[in-house]
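Asker: Structure in structure tokens, see below.
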Amino acid sequence: MKIHARLIFSYIAMAIVPFILTFFAIFIVLGIQMRQVNHHYDVQPEFFKNITETAVKVSEDVAKDAKEAPEKFVDPTYLDELSERVIYIQTGVAVNVDGQFTFISKNLVGIDLQKQLGEEWRSELEDRGNFSAFQDNEKSYTVKINDFTLKDGRKGQIYLITDISAVSLFLAGFFRKLGVAVLIIVAGTTLTITFFMSRSITKPLRVLVHATHQIKNGNLNFQVTSRSKDELGELTVAFEQMRFKLKESIEMQLQYEENRKELISSISHDLKTPITAIKGYVEGIVDGVADTPEKMDKYVKTIYTKATDMDRMIDDLFLFSKLDLKRMPFSFEKVDARKYFEDCIGEVQLDLEKKGVGIELAAVELKADTQVRMDREKLKRVLMNIIDNSCKYMGHEAGKIAVSVRDGAGEILIGIRDNGKGISESELPYIFDRFYRADPSRNTATGGSGLGLAIVRQIVEGHGGRIWAESKLGEGTTIYFTLRKVAEDQGQPTK
């Protein structure tokens, strides 16, 4: 759940949950308060249930009798029955005729009604209607009064006097306890929801802060994970990706540094050999060792050959460096694959025959007009480097090279096979590494910079292709690489 949605949900929960809990708290507090009042005033549980209903019904009956049958209020039997009817709701009956109380219920004995309901009280009652209240001995009473007139002309009043002390205690205690309960509910709900909400936010933040300190201290060997799907989870995933990329970048930088040192060492080694040879022959000339025209010609040709090798090595090194640093631009274009390879093989066929090596386009299994995406010149460098490498390590005079081009799913497969001495299985994975030679002594008798196949790999991968080799000792080597075709309907490279 997103943080925004979670916040909205928490706000709704903080509004609804207290309301629901308060609803249940009302019933709990009601039960507790009723038991306390029942214990204190010895009233029946039905008192709170029926007090209003019974009081209203009795009040209506008395008001009706005051108008229609006032003689009942001087009938002791009726008054006793009425008293019994209302006693369980803490109500008593009192009748006053001509200023004298003629009837008082048993539960009102002890109350100075003459004082409480005297002339002074009567004068206040006129301003209040027929309902009022008074206190006696720390108890509270409500009074419902109805006037009546007897047949003989005497006037009187009947009083329904209710002890509301239990109700007052009940209401005061109820609202006090309910207020405390509501306060606890609101505070508890707010704190609980806030705690879980804040923890869901601060916990991943603490993880990210710890991870930040780890990175600041140079430690990238850790992992940041998150199971949440919110914005912080997305931030954690992005942070982990950043850490991984940063670690990968640093490792790559260290690898580049190591490669640079290795490259300098390899260059120094490979350049030292022809330089040493050139120096030796120059010293021979200076010292007069080349004392005949034939020796002088031999020395000069050797110096020229070594200088040419050094120049080729420097050119290869320059090209490889630009490819390795991604600074060599590729001029890609759509090319007819069949025609391109036929032209390339035709160009080198005559030169190879002079060296005693035969080459042929052994198999072309392509659909008509198959277009590939390539840089013509750089791909030609790939073919020349592979063919030159095959010729150098042929190992016998009857050399043969066969080139095959086959169709594939979204790409074409080119294979260049020779019948040379082959490469051992342990050395095969390293032949595309720079300066790698199968000869441990790094003998340069065959010429070359040791960068030929490394350049080939860089160019093929720059075309979005793959390259690998298969070989068996004594049977020869085949180097395969792929090129991406161009989709006929879009004119774009297939992926």
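Identifiers for the structure tokens are assigned positionally: chains receive A, B, ... in sequence, residues are indexed from 1 per chain, and ligands are indexed from 1 in the order shown.
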Give me, as a list of chain:residue names, the residues of segment 265-367 of chain A that a backbone DSSP run labels strand (DSSP E).

Answerer: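 Selecting the strand (DSSP E) positions of segment 265-367 of chain A gives A:Glu333, A:Lys334, A:Val335, A:Asp336, A:Val357, A:Gly358, A:Ile359, A:Glu360, A:Leu361, A:Ala362, A:Ala363, A:Val364, A:Glu365.
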
Asker: Pick out the residues sitting within 10 Å of Val93 of chain A, and hand them over as a PyMOL selection string; count only C-alpha atoms, and ignore anything fewer than 5 positions along from it in its own chain.

Answerer: chain A and resi 79-80+82-84+86-87+103-108+143-144+158-162

Asker: Just asking: which residues within segment 195-314 of chain A are alpha helix (DSSP H) according to DSSP, as an MDAnalysis selection string?

Answerer: chainID A and resid 195:216 231:286 293:314

Asker: Measuring between only C-alpha atoms, which one of A:Val56, A:Leu150, A:Ile303, A:Leu30 shows the shortest distance to Pro70 of chain A?

Answerer: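 Of A:Val56, A:Leu150, A:Ile303, A:Leu30, the one nearest Pro70 of chain A is A:Leu150, counting only C-alpha atoms.
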
Asker: Mind checking which residues fall within 10 Å of Leu413 of chain A, counting only C-alpha atoms, ignoring those fewer than 3 positions away in the same chain, and posting them as a ChimeraX atom specification?

Answerer: /A:365-366,404-409,465-467,480-484

Asker: What's around segment 382-391 of chain A at 8 Å? Count only C-alpha atoms, leave out sequence neighbours fewer than 3 positions away in its own chain, and write the answer as a count of residues only.

Answerer: 16

Asker: May I ask for the distance between atom CA of Leu205 of chain A and atom CA of Ser10 of chain A, given in Å to one decimal place?

Answerer: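 Distance between the two atoms: 19.6 Å.
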